[in-house]
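Visitor: For reference, the file entry-v4.txt (compact mmCIF, C-alpha atoms) is included below:
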# COMPACT_ATOMS: atom_id res chain seq x y z
CA MET A 721 20.74 1.23 8.18
CA PRO A 722 19.06 3.85 10.31
CA ARG A 723 20.65 6.45 12.45
CA VAL A 724 19.11 6.56 15.91
CA HIS A 725 18.79 9.53 18.19
CA THR A 726 18.68 9.28 21.98
CA PHE A 727 15.47 8.03 23.54
CA LEU A 728 13.84 10.72 25.64
CA PHE A 729 11.68 8.85 28.14
CA LEU A 730 9.45 5.85 28.67
CA LEU A 731 5.73 6.01 29.31
CA VAL A 732 2.90 3.52 29.60
CA ILE A 733 0.83 3.31 26.43
CA THR A 734 -2.30 5.44 26.34
CA PHE A 735 -4.66 6.13 23.47
CA LEU A 736 -3.52 9.45 22.07
CA ASN A 737 -4.82 11.59 19.27
CA SER A 738 -2.53 14.12 17.68
CA GLY A 739 -5.42 16.12 16.29
CA ALA A 740 -3.90 15.98 12.81
CA GLN A 741 -6.47 16.43 10.07
CA ASN A 742 -4.90 14.59 7.15
CA ASP A 743 -6.99 11.82 5.60
CA ASN A 744 -4.39 9.11 6.26
CA LEU A 745 -4.41 9.71 9.99
CA LYS A 746 -8.19 9.87 10.15
CA ASN A 747 -8.44 6.56 8.28
CA ALA A 748 -5.93 4.86 10.60
CA GLN A 749 -7.69 6.14 13.71
CA LYS A 750 -11.27 5.50 12.58
CA HIS A 751 -10.66 2.06 11.11
CA THR A 752 -11.35 -0.92 13.38
CA PRO A 753 -10.17 -4.51 12.89
CA THR A 754 -12.28 -7.65 12.87
CA LEU A 755 -10.68 -10.16 15.21
CA LEU A 756 -10.09 -13.65 13.87
CA SER A 757 -11.87 -16.60 15.40
CA THR A 758 -9.89 -19.34 17.09
CA SER A 759 -10.25 -21.34 13.89
CA GLY A 760 -8.96 -18.39 11.86
CA LEU A 761 -5.94 -18.00 14.12
CA GLN A 762 -5.20 -21.69 13.75
CA GLN A 763 -5.43 -21.49 9.96
CA ILE A 764 -2.89 -18.67 9.92
CA ALA A 765 -0.59 -20.25 12.51
CA GLY A 766 -0.76 -23.71 10.94
CA ASP A 767 0.66 -22.59 7.59
CA PRO A 768 3.92 -24.49 6.89
CA MET A 769 5.57 -21.37 5.40
CA THR A 770 7.10 -23.40 2.60
CA LEU A 771 8.32 -20.24 0.84
CA LEU A 772 10.42 -19.03 3.77
CA PRO A 773 13.52 -21.30 3.38
CA LYS A 774 13.78 -20.56 -0.33
CA ALA A 775 13.26 -16.85 0.26
CA LEU A 776 16.03 -16.75 2.84
CA GLU A 777 18.33 -18.66 0.48
CA ASN A 778 17.75 -16.13 -2.30
CA LEU A 779 17.93 -13.04 -0.10
CA LEU A 780 20.88 -13.83 2.17
CA VAL A 781 23.35 -12.46 -0.36
CA GLU A 782 25.26 -9.23 -0.86
CA ARG A 783 22.86 -6.67 -2.39
CA VAL A 784 24.75 -3.41 -2.89
CA VAL A 785 22.98 -1.20 -5.44
CA GLY A 786 24.49 -1.66 -8.89
CA THR A 787 25.75 -5.22 -8.32
CA ALA A 788 24.57 -8.49 -9.85
CA GLY A 789 23.41 -9.65 -6.41
CA HIS A 790 21.21 -6.60 -6.05
CA GLU A 791 19.68 -7.17 -9.50
CA ASN A 792 19.05 -10.84 -8.76
CA VAL A 793 17.29 -10.04 -5.50
CA LYS A 794 15.15 -7.38 -7.17
CA ASN A 795 14.10 -9.83 -9.86
CA TYR A 796 13.39 -12.56 -7.31
CA ILE A 797 11.11 -10.31 -5.24
CA VAL A 798 9.26 -9.13 -8.35
CA GLU A 799 8.83 -12.70 -9.58
CA GLN A 800 7.47 -13.91 -6.23
CA MET A 801 5.01 -11.05 -5.78
CA ARG A 802 3.70 -11.36 -9.35
CA GLY A 803 3.37 -15.11 -8.85
CA LEU A 804 1.14 -14.40 -5.85
CA GLY A 805 -1.13 -12.25 -8.01
CA TYR A 806 0.14 -8.79 -7.08
CA THR A 807 0.45 -5.97 -9.58
CA VAL A 808 4.08 -4.84 -9.41
CA ASP A 809 5.27 -1.33 -10.21
CA LEU A 810 9.00 -0.62 -10.42
CA ASP A 811 9.79 2.94 -9.34
CA GLU A 812 13.13 3.27 -11.15
CA PHE A 813 15.45 6.26 -11.13
CA ASP A 814 19.12 7.19 -11.50
CA GLU A 815 21.07 9.10 -8.86
CA THR A 816 24.72 9.92 -8.24
CA VAL A 817 25.98 8.69 -4.87
CA PRO A 818 29.28 9.11 -2.99
CA ILE A 819 32.13 6.76 -3.95
CA LEU A 820 30.25 4.71 -6.54
CA GLY A 821 28.92 7.48 -8.78
CA LYS A 822 25.72 7.17 -10.83
CA LEU A 823 23.54 4.19 -9.89
CA ARG A 824 20.18 2.83 -10.95
CA PHE A 825 17.67 2.36 -8.10
CA ALA A 826 14.33 0.55 -8.16
CA ASN A 827 11.66 0.57 -5.48
CA ILE A 828 9.32 -2.42 -5.78
CA VAL A 829 5.65 -1.59 -5.14
CA ALA A 830 3.35 -4.63 -5.13
CA SER A 831 -0.39 -3.97 -4.88
CA LEU A 832 -3.08 -6.55 -4.24
CA ASN A 833 -5.56 -4.25 -5.98
CA PRO A 834 -4.01 -1.23 -7.72
CA ASN A 835 -7.47 0.35 -7.96
CA SER A 836 -8.02 0.39 -4.22
CA ASN A 837 -8.84 3.72 -2.56
CA ARG A 838 -6.93 2.81 0.62
CA ASN A 839 -4.03 0.49 1.44
CA LEU A 840 -2.41 -0.98 4.47
CA VAL A 841 1.28 -0.87 3.49
CA LEU A 842 3.97 -3.27 4.74
CA ALA A 843 7.53 -2.32 3.84
CA CYS A 844 11.26 -2.96 4.27
CA HIS A 845 14.42 -2.23 2.28
CA TYR A 846 16.19 -4.79 0.09
CA ASP A 847 19.60 -3.22 -0.55
CA SER A 848 22.61 -4.04 1.62
CA LYS A 849 25.22 -1.61 2.92
CA TYR A 850 28.39 -0.94 0.93
CA PHE A 851 31.60 -1.84 2.75
CA PRO A 852 34.62 -1.41 0.42
CA GLY A 853 36.53 -4.67 0.04
CA GLN A 854 34.18 -6.60 2.34
CA ARG A 855 31.25 -8.92 1.71
CA PHE A 856 28.46 -7.67 3.95
CA ILE A 857 25.21 -9.65 3.82
CA GLY A 858 22.99 -7.72 6.21
CA ALA A 859 20.75 -10.59 7.29
CA THR A 860 18.76 -8.50 9.75
CA ASP A 861 19.43 -5.43 7.62
CA SER A 862 17.25 -6.35 5.74
CA SER A 863 17.30 -9.81 4.11
CA VAL A 864 15.11 -11.32 6.81
CA PRO A 865 12.44 -8.57 6.74
CA CYS A 866 12.21 -9.02 2.95
CA ALA A 867 11.84 -12.79 3.35
CA MET A 868 9.19 -12.15 6.00
CA LEU A 869 7.15 -9.94 3.68
CA LEU A 870 7.26 -12.56 0.95
CA ALA A 871 6.23 -15.25 3.43
CA ILE A 872 3.39 -13.08 4.77
CA ALA A 873 2.11 -12.48 1.24
CA ALA A 874 2.26 -16.22 0.48
CA LEU A 875 0.65 -17.21 3.79
CA LEU A 876 -2.23 -14.78 3.31
CA SER A 877 -2.74 -15.54 -0.38
CA PRO A 878 -5.34 -18.33 -0.04
CA HIS A 879 -7.23 -16.41 2.64
CA ILE A 880 -7.60 -13.01 0.97
CA GLN A 881 -9.25 -14.06 -2.28
CA SER A 882 -12.55 -12.78 -0.91
CA VAL A 883 -11.12 -9.27 -0.48
CA ARG A 884 -8.88 -9.18 -3.57
CA ASP A 885 -11.37 -7.19 -5.66
CA ARG A 886 -12.37 -4.76 -2.93
CA THR A 887 -11.64 -1.13 -3.76
CA ASP A 888 -12.38 0.36 -0.35
CA LEU A 889 -9.36 -1.16 1.40
CA SER A 890 -6.52 -3.39 0.21
CA LEU A 891 -2.94 -4.45 0.85
CA GLN A 892 0.34 -3.18 -0.57
CA PHE A 893 3.96 -4.25 -0.10
CA ILE A 894 6.88 -1.88 -0.71
CA PHE A 895 10.48 -3.05 -0.96
CA PHE A 896 12.57 0.12 -0.76
CA ASP A 897 15.87 0.46 -2.55
CA GLY A 898 18.87 2.51 -1.45
CA GLU A 899 18.12 2.80 2.27
CA GLU A 900 21.77 2.50 3.19
CA ALA A 901 24.28 5.35 3.10
CA PHE A 902 27.25 4.78 0.79
CA GLN A 903 29.63 6.97 2.77
CA GLN A 904 28.13 8.70 5.80
CA TRP A 905 24.48 8.92 6.80
CA ASN A 906 22.99 12.34 6.13
CA ASP A 907 19.95 13.85 4.45
CA GLN A 908 21.46 13.36 0.97
CA ASP A 909 23.30 10.06 1.47
CA SER A 910 20.54 7.77 2.78
CA ILE A 911 17.01 6.51 2.09
CA TYR A 912 17.33 7.23 -1.63
CA GLY A 913 14.39 5.07 -2.65
CA ALA A 914 12.02 6.20 0.09
CA ARG A 915 12.72 9.86 -0.67
CA HIS A 916 12.09 9.33 -4.38
CA LEU A 917 8.91 7.29 -3.94
CA ALA A 918 7.38 9.62 -1.33
CA ALA A 919 7.98 12.63 -3.62
CA ARG A 920 6.53 10.76 -6.60
CA MET A 921 3.44 9.69 -4.68
CA GLU A 922 2.95 13.24 -3.44
CA ARG A 923 3.07 14.54 -7.04
CA GLU A 924 0.63 11.86 -8.15
CA ASP A 925 -1.66 12.54 -5.18
CA SER A 926 -1.54 8.86 -4.17
CA LEU A 927 -0.11 9.30 -0.68
CA LYS A 928 -3.66 9.71 0.57
CA LYS A 929 -4.20 6.02 -0.26
CA MET A 930 -1.78 4.98 2.50
CA ASP A 931 -3.77 4.22 5.64
CA MET A 932 -0.57 3.37 7.46
CA LEU A 933 3.03 2.45 6.62
CA VAL A 934 4.25 -0.53 8.66
CA LEU A 935 8.05 -0.56 8.31
CA LEU A 936 10.08 -3.63 9.31
CA ASP A 937 13.81 -3.46 9.94
CA LEU A 938 16.67 -5.23 11.77
CA LEU A 939 14.69 -8.45 12.31
CA GLY A 940 15.93 -12.02 12.54
CA MET A 941 17.63 -12.45 15.90
CA PRO A 942 15.92 -14.12 18.88
CA GLU A 943 13.92 -12.24 21.51
CA PRO A 944 13.62 -8.80 19.94
CA ASN A 945 12.21 -5.96 22.02
CA PHE A 946 9.70 -3.73 20.21
CA TYR A 947 8.08 -0.49 21.39
CA SER A 948 5.55 1.94 20.06
CA TYR A 949 7.26 5.06 18.69
CA PHE A 950 4.31 7.09 17.38
CA PRO A 951 1.26 8.09 19.46
CA GLU A 952 -0.91 8.28 16.35
CA THR A 953 -0.59 4.52 15.74
CA GLU A 954 -0.45 3.21 19.30
CA ASN A 955 -3.90 1.65 18.89
CA TRP A 956 -2.49 -0.46 16.03
CA TYR A 957 0.64 -1.29 18.00
CA LEU A 958 -1.72 -2.65 20.64
CA GLN A 959 -3.21 -4.89 17.96
CA LEU A 960 0.23 -6.44 17.45
CA ILE A 961 0.42 -7.03 21.21
CA SER A 962 -3.02 -8.64 21.05
CA ALA A 963 -2.12 -10.87 18.10
CA GLU A 964 1.05 -12.06 19.85
CA ARG A 965 -0.82 -12.79 23.07
CA ARG A 966 -3.65 -14.72 21.39
CA LEU A 967 -1.26 -16.82 19.31
CA ASP A 968 0.72 -17.62 22.44
CA GLU A 969 -2.39 -18.60 24.37
CA LEU A 970 -3.19 -21.12 21.64
CA GLY A 971 0.37 -22.49 21.76
CA HIS A 972 1.34 -21.36 18.27
CA LEU A 973 4.60 -19.53 19.06
CA GLU A 974 7.85 -21.50 18.98
CA ASN A 975 10.68 -21.32 21.52
CA TYR A 976 8.82 -18.58 23.29
CA SER A 977 11.19 -17.71 24.87
CA THR A 978 14.67 -19.17 25.41
CA SER A 979 15.48 -16.63 28.14
CA SER A 980 12.91 -18.00 30.61
CA VAL A 981 14.22 -18.78 34.05
CA SER A 982 11.96 -21.82 34.10
CA PRO A 983 10.97 -23.82 31.00
CA ALA A 984 7.38 -23.66 32.26
CA GLN A 985 7.37 -19.88 32.08
CA LYS A 986 6.52 -17.92 28.99
CA SER A 987 9.10 -15.17 28.93
CA ILE A 988 8.72 -11.51 28.05
CA ALA A 989 6.78 -10.83 24.86
CA TYR A 990 8.35 -9.28 21.76
CA PHE A 991 5.94 -6.33 21.67
CA LYS A 992 6.28 -4.39 24.90
CA PRO A 993 3.32 -2.44 26.32
CA HIS A 994 5.34 0.77 26.39
CA SER A 995 5.97 3.75 24.17
CA TYR A 996 9.23 5.54 23.54
CA LEU A 997 9.55 9.10 22.36
CA SER A 998 12.47 8.76 20.01
CA HIS A 999 13.71 9.54 16.54
CA ILE A 1000 15.11 6.77 14.38
CA GLU A 1001 15.97 7.79 10.82
CA ASP A 1002 14.75 5.12 8.44
CA ASP A 1003 12.69 4.72 5.26
CA HIS A 1004 9.54 5.99 6.96
CA ILE A 1005 10.84 9.56 7.38
CA PRO A 1006 9.80 11.01 3.97
CA PHE A 1007 6.31 9.57 4.47
CA LEU A 1008 6.05 10.71 8.07
CA ARG A 1009 6.89 14.26 6.99
CA ARG A 1010 4.04 14.09 4.49
CA GLY A 1011 1.47 12.99 7.07
CA VAL A 1012 1.41 9.21 6.60
CA PRO A 1013 0.80 7.35 9.91
CA ILE A 1014 3.81 5.16 10.75
CA LEU A 1015 4.14 1.90 12.66
CA HIS A 1016 7.89 1.28 12.91
CA VAL A 1017 8.82 -2.28 13.89
CA ILE A 1018 12.50 -2.15 14.77
CA PRO A 1019 14.08 -3.67 17.90
CA SER A 1020 15.52 -1.61 20.71
CA PRO A 1021 18.36 -1.96 21.28
CA PHE A 1022 19.56 -2.70 17.76
CA PRO A 1023 21.00 -6.21 17.24
CA ASP A 1024 24.62 -6.42 18.39
CA VAL A 1025 25.59 -7.52 14.85
CA TRP A 1026 24.32 -4.27 13.35
CA HIS A 1027 26.65 -3.17 10.52
CA LYS A 1028 29.07 -5.97 11.33
CA LEU A 1029 30.15 -8.79 9.02
CA GLU A 1030 28.60 -11.20 11.53
CA ASP A 1031 25.16 -10.06 10.36
CA ASN A 1032 24.80 -13.07 8.09
CA GLY A 1033 22.70 -16.21 7.81
CA ASP A 1034 24.37 -17.83 10.80
CA ILE A 1035 22.65 -15.49 13.26
CA VAL A 1036 19.12 -15.90 11.92
CA ASP A 1037 16.76 -17.50 14.46
CA VAL A 1038 14.15 -19.12 12.22
CA PRO A 1039 11.60 -19.89 15.01
CA THR A 1040 11.54 -16.19 15.95
CA VAL A 1041 11.12 -15.28 12.28
CA ARG A 1042 8.22 -17.71 11.94
CA ASN A 1043 6.63 -16.30 15.10
CA LEU A 1044 6.80 -12.77 13.73
CA ILE A 1045 5.35 -13.87 10.38
CA LYS A 1046 2.37 -15.35 12.22
CA ILE A 1047 1.87 -12.20 14.28
CA PHE A 1048 1.99 -9.89 11.28
CA SER A 1049 -0.22 -12.17 9.20
CA VAL A 1050 -2.88 -12.09 11.90
CA PHE A 1051 -2.49 -8.31 12.13
CA VAL A 1052 -2.98 -7.88 8.37
CA ALA A 1053 -5.92 -10.29 8.17
CA GLU A 1054 -7.67 -8.49 10.99
CA TYR A 1055 -6.94 -5.04 9.54
CA LEU A 1056 -8.40 -6.13 6.19
CA ARG A 1057 -11.32 -7.79 8.01
CA VAL A 1058 -10.72 -11.10 6.24
CA PRO A 1059 -13.55 -13.50 7.04
CA LEU A 1060 -11.76 -16.44 8.67
Show this structure as structure tokens.
Guide:
Amino acid sequence: MPRVHTFLFLLVITFLNSGAQNDNLKNAQKHTPTLLSTSGLQQIAGDPMTLLPKALENLLVERVVGTAGHENVKNYIVEQMRGLGYTVDLDEFDETVPILGKLRFANIVASLNPNSNRNLVLACHYDSKYFPGQRFIGATDSSVPCAMLLAIAALLSPHIQSVRDRTDLSLQFIFFDGEEAFQQWNDQDSIYGARHLAARMEREDSLKKMDMLVLLDLLGMPEPNFYSYFPETENWYLQLISAERRLDELGHLENYSTSSVSPAQKSIAYFKPHSYLSHIEDDHIPFLRRGVPILHVIPSPFPDVWHKLEDNGDIVDVPTVRNLIKIFSVFVAEYLRVPL
């Protein structure tokens, strides 16, 4: 999981424009959402999320690249996304890694409409870190984010039929492989899948289809603290703040939040109205370097179980996970301008 560099300073969010001229950034900055009605919010928030328990059951396993568990998880994700009507492309490649030698990697790219000219992209990684002689699950890192993406796709499925055939703007999910270092995090031993896919998409001239890459990581524990890390996407980070606030006002967020001094008080929101200048190395880096706008959803500080054997199913706070699924589903529906 990612290597983090020291935060520089905190500032109140402002609308900033980097002046970059790439098409991705212009699309992300020019595009405006269509806010859901109260009825639309209730339709999203009222979904029972029947897929979530089964997804967690299938994903809360050891998933080191090259193992049977890793292959089973890959097949499960592919099966679920195809069952929801997505076109799935496996970006497969071989690479030699420290300790374990030559391994077969496979990024999973699931597209609602593969012929779309632009995509909002939601992503996470599905491999788990290799600890010799130990069984490391990596619930937050990143079983839960994978389960969340599957649940978001399932929740949105009945609502996005009207936009499924649109070619101007669509939705894509990427499940990266090989995010974790096998020995020690460096430029060669880390983010294997993201590096391969970004280079492939650059060669194929398809990076320009990415409006924005929304990367989820280290999710699953209660009361996460999120911040905006990139000025270019702060307007979209504010949309996450807005979605969280509106869902809360309608009473659709569970156990929100257990840290309140008084049960009558609604405690601090997940998405903070602040921006950090920081550098966290994660799957977004190869895309960031190629001009793709990034919205990185990763808690600060990292969960205290990060890269510990305790990062297993026992620490997953399901109400928080359901809350985040609702927030992201609203965000996606409004980005795609789904008529609800």
Visitor: Counting all atoms listed in the file, which residue out of A:Tyr947, A:Phe1048, A:Phe813, A:Trp956 sits closest to A:Lys750?
Guide: A:Trp956
Visitor: Kindly give the distance, in Å, that separates atom CA of A:Tyr846 and atom CA of A:Thr953, rounded to a single decimal.
Guide: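 Answer for the atom CA of A:Tyr846 to atom CA of A:Thr953 separation: 24.8 Å.
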Visitor: Measure the distance from atom CA of A:Ala775 to atom CA of A:Val793 in Å and round it to one decimal.
Guide: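 Those two atoms sit 9.8 Å apart.
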Visitor: Quick one, how far is atom CA of A:Leu935 from atom CA of A:Arg855?
Guide: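 Atom-to-atom, atom CA of A:Leu935 and atom CA of A:Arg855 are spaced 25.5 Å apart.
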Visitor: Could you give me, as a PDB file with C-alpha atoms, in the frame of the given file, the residues within 8 Å of A:Gly1011, counting all atoms listed in the file and dropping anything in the same chain fewer than 2 positions from it?
Guide:
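File produced: around_5.pdb:
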ATOM      1  CA  ASN A 742      -4.900  14.590   7.150  1.00  0.00           C
ATOM      2  CA  ASN A 744      -4.390   9.110   6.260  1.00  0.00           C
ATOM      3  CA  LEU A 745      -4.410   9.710   9.990  1.00  0.00           C
ATOM      4  CA  PHE A1007       6.310   9.570   4.470  1.00  0.00           C
ATOM      5  CA  LEU A1008       6.050  10.710   8.070  1.00  0.00           C
ATOM      6  CA  ARG A1009       6.890  14.260   6.990  1.00  0.00           C
ATOM      7  CA  PRO A1013       0.800   7.350   9.910  1.00  0.00           C
TER       8      PRO A1013
END
